[in-house]
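Text of the file work22.cif, holding mmCIF, C-alpha atoms:
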data_start
loop_
_atom_site.group_PDB
_atom_site.id
_atom_site.type_symbol
_atom_site.label_atom_id
_atom_site.label_comp_id
_atom_site.auth_asym_id
_atom_site.auth_seq_id
_atom_site.Cartn_x
_atom_site.Cartn_y
_atom_site.Cartn_z
ATOM 1 C CA MET A 1 0.000 0.000 0.000
ATOM 2 C CA GLN A 2 2.759 2.476 0.927
ATOM 3 C CA CYS A 3 4.633 2.042 -2.362
ATOM 4 C CA GLU A 4 1.423 2.327 -4.388
ATOM 5 C CA LEU A 5 0.429 5.496 -2.544
ATOM 6 C CA GLU A 6 3.902 6.948 -2.954
ATOM 7 C CA HIS A 7 3.804 6.256 -6.690
ATOM 8 C CA ILE A 8 0.363 7.875 -7.107
ATOM 9 C CA VAL A 9 1.425 10.955 -5.187
ATOM 10 C CA LEU A 10 4.676 11.307 -7.080
ATOM 11 C CA CYS A 11 2.951 11.033 -10.451
ATOM 12 C CA LYS A 12 0.166 13.465 -9.555
ATOM 13 C CA ILE A 13 2.510 16.063 -8.075
ATOM 14 C CA LYS A 14 4.953 15.811 -10.952
ATOM 15 C CA ALA A 15 2.175 16.082 -13.534
ATOM 16 C CA ALA A 16 0.522 19.038 -11.817
ATOM 17 C CA ALA A 17 3.767 20.889 -11.301
ATOM 18 C CA ASN A 18 4.987 20.260 -14.813
ATOM 19 C CA GLU A 19 1.780 21.822 -16.171
ATOM 20 C CA ASP A 20 2.521 25.117 -14.460
ATOM 21 C CA LEU A 21 5.711 25.061 -12.455
ATOM 22 C CA ASP A 22 5.629 28.806 -11.781
ATOM 23 C CA VAL A 23 2.223 28.491 -10.095
ATOM 24 C CA ALA A 24 3.479 25.597 -7.963
ATOM 25 C CA VAL A 25 6.515 27.614 -6.866
ATOM 26 C CA SER A 26 4.394 30.652 -5.995
ATOM 27 C CA MET A 27 2.018 28.415 -4.037
ATOM 28 C CA SER A 28 4.945 27.049 -2.049
ATOM 29 C CA GLU A 29 4.866 30.254 0.022
ATOM 30 C CA ASN A 30 1.621 28.970 1.566
ATOM 31 C CA ALA A 31 2.785 25.380 1.862
ATOM 32 C CA SER A 32 4.063 23.502 4.857
ATOM 33 C CA ALA A 33 7.822 23.105 5.149
ATOM 34 C CA GLU A 34 7.581 19.573 3.772
ATOM 35 C CA GLU A 35 5.405 20.609 0.827
ATOM 36 C CA LYS A 36 7.737 23.495 0.051
ATOM 37 C CA LYS A 37 10.706 21.115 -0.013
ATOM 38 C CA MET A 38 8.857 18.905 -2.479
ATOM 39 C CA ILE A 39 7.871 21.801 -4.751
ATOM 40 C CA MET A 40 11.322 23.342 -4.746
ATOM 41 C CA ALA A 41 12.963 19.962 -5.367
ATOM 42 C CA LEU A 42 10.671 19.444 -8.339
ATOM 43 C CA TYR A 43 11.463 22.949 -9.579
ATOM 44 C CA ASN A 44 15.199 22.262 -9.289
ATOM 45 C CA ASP A 45 14.808 18.943 -11.093
ATOM 46 C CA ASN A 46 12.988 20.634 -13.966
ATOM 47 C CA GLN A 47 15.075 23.789 -14.186
ATOM 48 C CA LEU A 48 18.524 22.577 -13.173
ATOM 49 C CA GLY A 49 18.397 18.920 -14.118
ATOM 50 C CA THR A 50 18.917 17.707 -10.553
ATOM 51 C CA ASN A 51 17.354 14.563 -9.129
ATOM 52 C CA SER A 52 16.252 15.764 -5.714
ATOM 53 C CA PHE A 53 12.461 15.292 -5.738
ATOM 54 C CA ASP A 54 12.545 11.531 -5.225
ATOM 55 C CA LYS A 55 15.062 11.946 -2.399
ATOM 56 C CA VAL A 56 12.845 14.484 -0.634
ATOM 57 C CA VAL A 57 9.852 12.155 -0.880
ATOM 58 C CA GLU A 58 11.930 9.228 0.409
ATOM 59 C CA ARG A 59 12.912 11.299 3.477
ATOM 60 C CA LEU A 60 9.256 12.171 4.071
ATOM 61 C CA VAL A 61 8.251 8.526 3.872
ATOM 62 C CA ARG A 62 10.803 7.770 6.581
ATOM 63 C CA LYS A 63 9.669 10.768 8.670
ATOM 64 C CA TYR A 64 5.987 9.776 8.431
ATOM 65 C CA PRO A 65 6.109 5.962 8.484
ATOM 66 C CA ASP A 66 2.331 5.796 8.956
ATOM 67 C CA GLY A 67 1.959 7.355 5.504
ATOM 68 C CA SER A 68 0.049 10.381 6.813
ATOM 69 C CA PHE A 69 2.025 12.932 4.830
ATOM 70 C CA LEU A 70 1.712 11.055 1.551
ATOM 71 C CA ARG A 71 -1.969 10.400 2.180
ATOM 72 C CA MET A 72 -2.472 14.125 2.699
ATOM 73 C CA GLU A 73 -0.583 14.910 -0.481
ATOM 74 C CA SER A 74 -2.652 12.359 -2.385
ATOM 75 C CA ILE A 75 -5.828 14.115 -1.217
ATOM 76 C CA PHE A 76 -4.394 17.487 -2.206
ATOM 77 C CA ALA A 77 -3.153 16.233 -5.580
ATOM 78 C CA THR A 78 -6.521 14.724 -6.502
ATOM 79 C CA MET A 79 -8.942 17.107 -4.802
ATOM 80 C CA SER A 80 -10.220 18.714 -8.015
ATOM 81 C CA ASP A 81 -11.069 15.245 -9.320
ATOM 82 C CA ILE A 82 -12.659 13.661 -6.242
ATOM 83 C CA GLY A 83 -14.965 16.362 -4.833
ATOM 84 C CA PRO A 84 -15.715 17.442 -1.263
ATOM 85 C CA ASP A 85 -17.436 14.259 -0.083
ATOM 86 C CA MET A 86 -14.425 12.102 -0.934
ATOM 87 C CA ILE A 87 -12.056 14.738 0.464
ATOM 88 C CA LEU A 88 -13.965 14.598 3.747
ATOM 89 C CA ARG A 89 -13.981 10.809 3.809
ATOM 90 C CA ARG A 90 -10.251 10.602 3.163
ATOM 91 C CA GLY A 91 -9.500 13.501 5.510
ATOM 92 C CA LYS A 92 -11.443 11.837 8.330
ATOM 93 C CA GLU A 93 -9.640 8.550 7.698
ATOM 94 C CA LEU A 94 -6.299 10.338 7.805
ATOM 95 C CA TYR A 95 -7.195 12.208 10.984
ATOM 96 C CA ALA A 96 -8.406 9.005 12.654
ATOM 97 C CA MET A 97 -5.160 7.312 11.660
ATOM 98 C CA ASN A 98 -3.034 10.152 13.058
ATOM 99 C CA PRO A 99 -4.894 12.739 15.215
ATOM 100 C CA ASN A 100 -1.687 14.747 15.559
ATOM 101 C CA PHE A 101 -1.559 15.344 11.807
ATOM 102 C CA THR A 102 -3.591 18.559 11.854
ATOM 103 C CA PRO A 103 -3.292 19.479 8.138
ATOM 104 C CA ALA A 104 -6.144 16.979 7.748
ATOM 105 C CA LEU A 105 -8.326 19.433 9.671
ATOM 106 C CA ASN A 106 -7.431 22.151 7.199
ATOM 107 C CA ILE A 107 -8.394 20.203 4.125
ATOM 108 C CA MET A 108 -11.613 19.041 5.796
ATOM 109 C CA GLY A 109 -12.496 22.634 6.719
ATOM 110 C CA TYR A 110 -12.254 23.709 3.095
ATOM 111 C CA ALA A 111 -14.266 20.681 1.967
ATOM 112 C CA TYR A 112 -17.027 21.603 4.423
ATOM 113 C CA MET A 113 -17.007 25.107 2.939
ATOM 114 C CA GLN A 114 -17.373 23.620 -0.540
ATOM 115 C CA LYS A 115 -20.432 21.742 0.694
ATOM 116 C CA ASP A 116 -21.781 24.913 2.334
ATOM 117 C CA GLU A 117 -21.645 23.226 5.739
ATOM 118 C CA MET A 118 -20.355 26.375 7.355
ATOM 119 C CA ASP A 119 -20.819 25.413 11.015
ATOM 120 C CA LEU A 120 -18.700 22.297 10.510
ATOM 121 C CA ALA A 121 -16.140 24.279 8.513
ATOM 122 C CA LYS A 122 -15.784 26.828 11.304
ATOM 123 C CA GLU A 123 -15.564 24.185 14.029
ATOM 124 C CA THR A 124 -12.940 22.211 12.099
ATOM 125 C CA LEU A 125 -10.776 25.223 11.250
ATOM 126 C CA GLN A 126 -11.023 26.559 14.820
ATOM 127 C CA GLU A 127 -9.793 23.198 16.065
ATOM 128 C CA GLN A 128 -6.785 23.474 13.779
ATOM 129 C CA VAL A 129 -6.022 26.971 15.127
ATOM 130 C CA ARG A 130 -6.266 25.623 18.693
ATOM 131 C CA ARG A 131 -3.997 22.693 17.897
ATOM 132 C CA GLN A 132 -1.481 24.720 15.845
ATOM 133 C CA ALA A 133 -1.576 28.141 17.474
ATOM 134 C CA GLY A 134 2.058 28.759 16.533
ATOM 135 C CA LYS A 135 1.500 28.226 12.789
ATOM 136 C CA ALA A 136 0.328 30.892 10.335
ATOM 137 C CA ASN A 137 -1.652 28.783 7.874
ATOM 138 C CA PRO A 138 -4.482 27.807 10.262
ATOM 139 C CA TYR A 139 -5.159 31.505 10.915
ATOM 140 C CA ASP A 140 -5.178 32.206 7.175
ATOM 141 C CA SER A 141 -7.626 29.359 6.626
ATOM 142 C CA LEU A 142 -9.953 30.628 9.340
ATOM 143 C CA GLY A 143 -9.712 34.034 7.667
ATOM 144 C CA ASP A 144 -10.827 32.390 4.419
ATOM 145 C CA TYR A 145 -13.797 30.946 6.291
ATOM 146 C CA TYR A 146 -14.803 34.380 7.574
ATOM 147 C CA LEU A 147 -14.498 35.800 4.057
ATOM 148 C CA GLU A 148 -16.802 33.049 2.838
ATOM 149 C CA VAL A 149 -19.462 33.978 5.418
ATOM 150 C CA ASN A 150 -19.032 37.704 4.669
ATOM 151 C CA ASP A 151 -17.576 38.650 8.044
ATOM 152 C CA ASN A 152 -14.788 40.846 6.723
ATOM 153 C CA ALA A 153 -13.833 42.269 10.116
ATOM 154 C CA MET A 154 -13.164 38.790 11.529
ATOM 155 C CA ALA A 155 -11.433 37.738 8.317
ATOM 156 C CA LEU A 156 -9.114 40.745 8.631
ATOM 157 C CA LYS A 157 -8.286 39.799 12.230
ATOM 158 C CA TYR A 158 -7.174 36.297 11.228
ATOM 159 C CA PHE A 159 -5.321 37.421 8.098
ATOM 160 C CA GLU A 160 -3.447 40.029 10.151
ATOM 161 C CA GLN A 161 -2.426 37.348 12.645
ATOM 162 C CA SER A 162 -1.273 35.054 9.861
ATOM 163 C CA SER A 163 0.597 37.884 8.178
ATOM 164 C CA LYS A 164 2.361 38.785 11.444
ATOM 165 C CA MET A 165 3.463 35.155 11.646
ATOM 166 C CA GLY A 166 5.083 35.412 8.212
ATOM 167 C CA LEU A 167 2.565 34.045 5.711
ATOM 168 C CA LYS A 168 3.027 36.305 2.701
ATOM 169 C CA ALA A 169 -0.242 35.287 1.050
ATOM 170 C CA SER A 170 -2.084 36.794 4.019
ATOM 171 C CA GLU A 171 -0.462 40.186 3.452
ATOM 172 C CA SER A 172 -2.321 40.774 0.193
ATOM 173 C CA LYS A 173 -5.563 39.662 1.839
ATOM 174 C CA VAL A 174 -4.978 42.181 4.636
ATOM 175 C CA ASP A 175 -4.363 44.976 2.131
ATOM 176 C CA SER A 176 -7.471 44.073 0.109
ATOM 177 C CA LEU A 177 -9.703 43.871 3.170
ATOM 178 C CA LYS A 178 -8.412 47.115 4.644
ATOM 179 C CA SER A 179 -9.157 48.830 1.344
ATOM 180 C CA LEU A 180 -12.633 47.267 1.210
ATOM 181 C CA LEU A 181 -13.455 48.145 4.810
ATOM 182 C CA SER A 182 -12.284 51.750 4.453
ATOM 183 C CA ASP A 183 -14.656 52.389 1.513
#

Translate this structure into structure tokens?
Amino acid sequence: MQCELEHIVLCKIKAAANEDLDVAVSMSENASAEEKKMIMALYNDNQLGTNSFDKVVERLVRKYPDGSFLRMESIFATMSDIGPDMILRRGKELYAMNPNFTPALNIMGYAYMQKDEMDLAKETLQEQVRRQAGKANPYDSLGDYYLEVNDNAMALKYFEQSSKMGLKASESKVDSLKSLLSD
């Protein structure tokens, strides 16, 4: 199972990144440290002819022997194909397998938003903020939730927190919301 999952993830990530490598690199600013390593390794392989992507994935397989990281990446790599119900099913399975792997909460929160199950989205994303209070991305995600429910003041609060913690993508959201709220 682990080798099959690894192969699927590698193929999906390579195919997606090869389609638009610049987009993947720009998205790496919002990625976890592990995801950023994968994206940048793929970029280096494509641009410089190195062979670092497979080595990065091999290290991640050793770091997450339960397969949680690769399972998460497989959900992320296939999410446009599988829809929110399957994302939730796989996210819940991943979270049950490893309750300390909180990125599963993030992906489930967005899937709940896709399904317009806003109470569950909020609850799930708040849990991720509680469990990862020192990380910027959970605050950014909760800001996205508040944008979705048209609470711009709360969205601004969470984007400002995320921005202060170093997430560059939140900075542009802060600027946009401040402009919108001042009008």

Report task. Extract, using all atoms listed in the file, all DNA, RNA and protein residues at most 9 Å from Lys37 in chain A, discarding same-chain residues fewer than 5 positions from it, and format them as number ranges by chain. Result -> A: 28, 32, 42, 53, 56

Requested in this report: Tell me, as a list in words, which residues lie within 8 Å of Gln128 in chain A, counting only C-alpha atoms; anything in the same chain fewer than 4 positions away does not count.
Outcome: Thr102, Pro103, Leu105, Asn106, Thr124, Gln132, Ala133 and Pro138 of chain A

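Applied to the file shown here, the PyMOL selection byres ((chain A and resi 157) around 10) selects Tyr139, Asp140, Leu142, Gly143, Tyr146, Asn152, Ala153, Met154, Ala155, Leu156, Tyr158, Phe159, Glu160, Gln161, Ser162, Ser163 and Val174 of chain A.
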
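When CA of Val57 in chain A is paired with CA of Ala33 in chain A, their separation reads 12.7 Å.
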
Query raised in the report: Could you pull the residues within 10 Å of range 110-118 of chain A, counting all atoms listed in the file, minus those fewer than 5 positions along the same chain, as a PyMOL selection string?
Result: chain A and resi 79+83-88+91+105+123-125+141-142+144-146+148-149

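Across A:Asp175, A:Thr78, A:Gly109, A:Met38, the tightest approach to Arg59 in chain A is made by A:Met38 when counting only C-alpha atoms.
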
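You can rank A:Ala41, A:Leu180, A:Ala169, A:Met97 by their closest distance to Asp66 in chain A using all atoms listed in the file, and at the top of that list sits A:Met97.
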
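Residue neighbourhood of Leu94 in chain A, excluding near-sequence residues (fewer than 2 positions): Ser68, Arg71, Met72, Arg90, Gly91, Lys92, Ala96, Met97, Asn98, Pro99, Phe101 and Ala104 of chain A, at 8 Å, using all atoms listed in the file.
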
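Here CA of Arg62 in chain A and CA of Glu34 in chain A stand 12.6 Å from one another.
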
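Considering only C-alpha atoms, the residue among A:Ala121, A:Leu167, A:Lys178, A:Ile107 positioned nearest to Ser74 in chain A is A:Ile107.
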
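Between CA of Asn100 in chain A and CA of Gly134 in chain A there is a distance of 14.5 Å.
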
Query raised in the report: Smallest atom-to-atom distance to Phe69 in chain A: which of A:Ile82, A:Thr50, A:Tyr95, A:Met40, using all atoms listed in the file?
Result: A:Tyr95

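If you measure from each of A:Gln126, A:Asn51, A:Asn44, A:Ser172 to Met108 in chain A using all atoms listed in the file, the closest one turns out to be A:Gln126.
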
Using the partial input, fill out range 70-83 of chain A with N, CA and C atoms; write the result as a CSV table (one decimal), in the frame of the given file.
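So the final result, stored in rebuild_30.csv, reads:
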chain,number,residue,atom,x,y,z
A,70,LEU,N,2.0,11.4,2.9
A,70,LEU,CA,1.7,11.1,1.6
A,70,LEU,C,0.2,10.9,1.3
A,71,ARG,N,-0.5,10.5,2.3
A,71,ARG,CA,-2.0,10.4,2.2
A,71,ARG,C,-2.5,11.8,2.0
A,72,MET,N,-2.0,12.7,2.8
A,72,MET,CA,-2.5,14.1,2.7
A,72,MET,C,-2.2,14.7,1.3
A,73,GLU,N,-1.0,14.4,0.8
A,73,GLU,CA,-0.6,14.9,-0.5
A,73,GLU,C,-1.4,14.3,-1.6
A,74,SER,N,-1.8,13.0,-1.4
A,74,SER,CA,-2.7,12.4,-2.4
A,74,SER,C,-4.0,13.0,-2.4
A,75,ILE,N,-4.5,13.4,-1.3
A,75,ILE,CA,-5.8,14.1,-1.2
A,75,ILE,C,-5.7,15.5,-1.9
A,76,PHE,N,-4.6,16.2,-1.6
A,76,PHE,CA,-4.4,17.5,-2.2
A,76,PHE,C,-4.2,17.4,-3.7
A,77,ALA,N,-3.5,16.4,-4.1
A,77,ALA,CA,-3.2,16.2,-5.6
A,77,ALA,C,-4.4,15.8,-6.4
A,78,THR,N,-5.3,15.2,-5.8
A,78,THR,CA,-6.5,14.7,-6.5
A,78,THR,C,-7.8,15.5,-6.2
A,79,MET,N,-7.7,16.5,-5.3
A,79,MET,CA,-8.9,17.1,-4.8
A,79,MET,C,-9.9,17.7,-5.9
A,80,SER,N,-9.3,18.2,-7.0
A,80,SER,CA,-10.2,18.7,-8.0
A,80,SER,C,-11.0,17.6,-8.7
A,81,ASP,N,-10.4,16.4,-8.7
A,81,ASP,CA,-11.1,15.2,-9.3
A,81,ASP,C,-12.1,14.5,-8.4
A,82,ILE,N,-11.9,14.5,-7.1
A,82,ILE,CA,-12.7,13.7,-6.2
A,82,ILE,C,-13.8,14.3,-5.5
A,83,GLY,N,-13.8,15.7,-5.4
A,83,GLY,CA,-15.0,16.4,-4.8
A,83,GLY,C,-14.9,16.4,-3.3
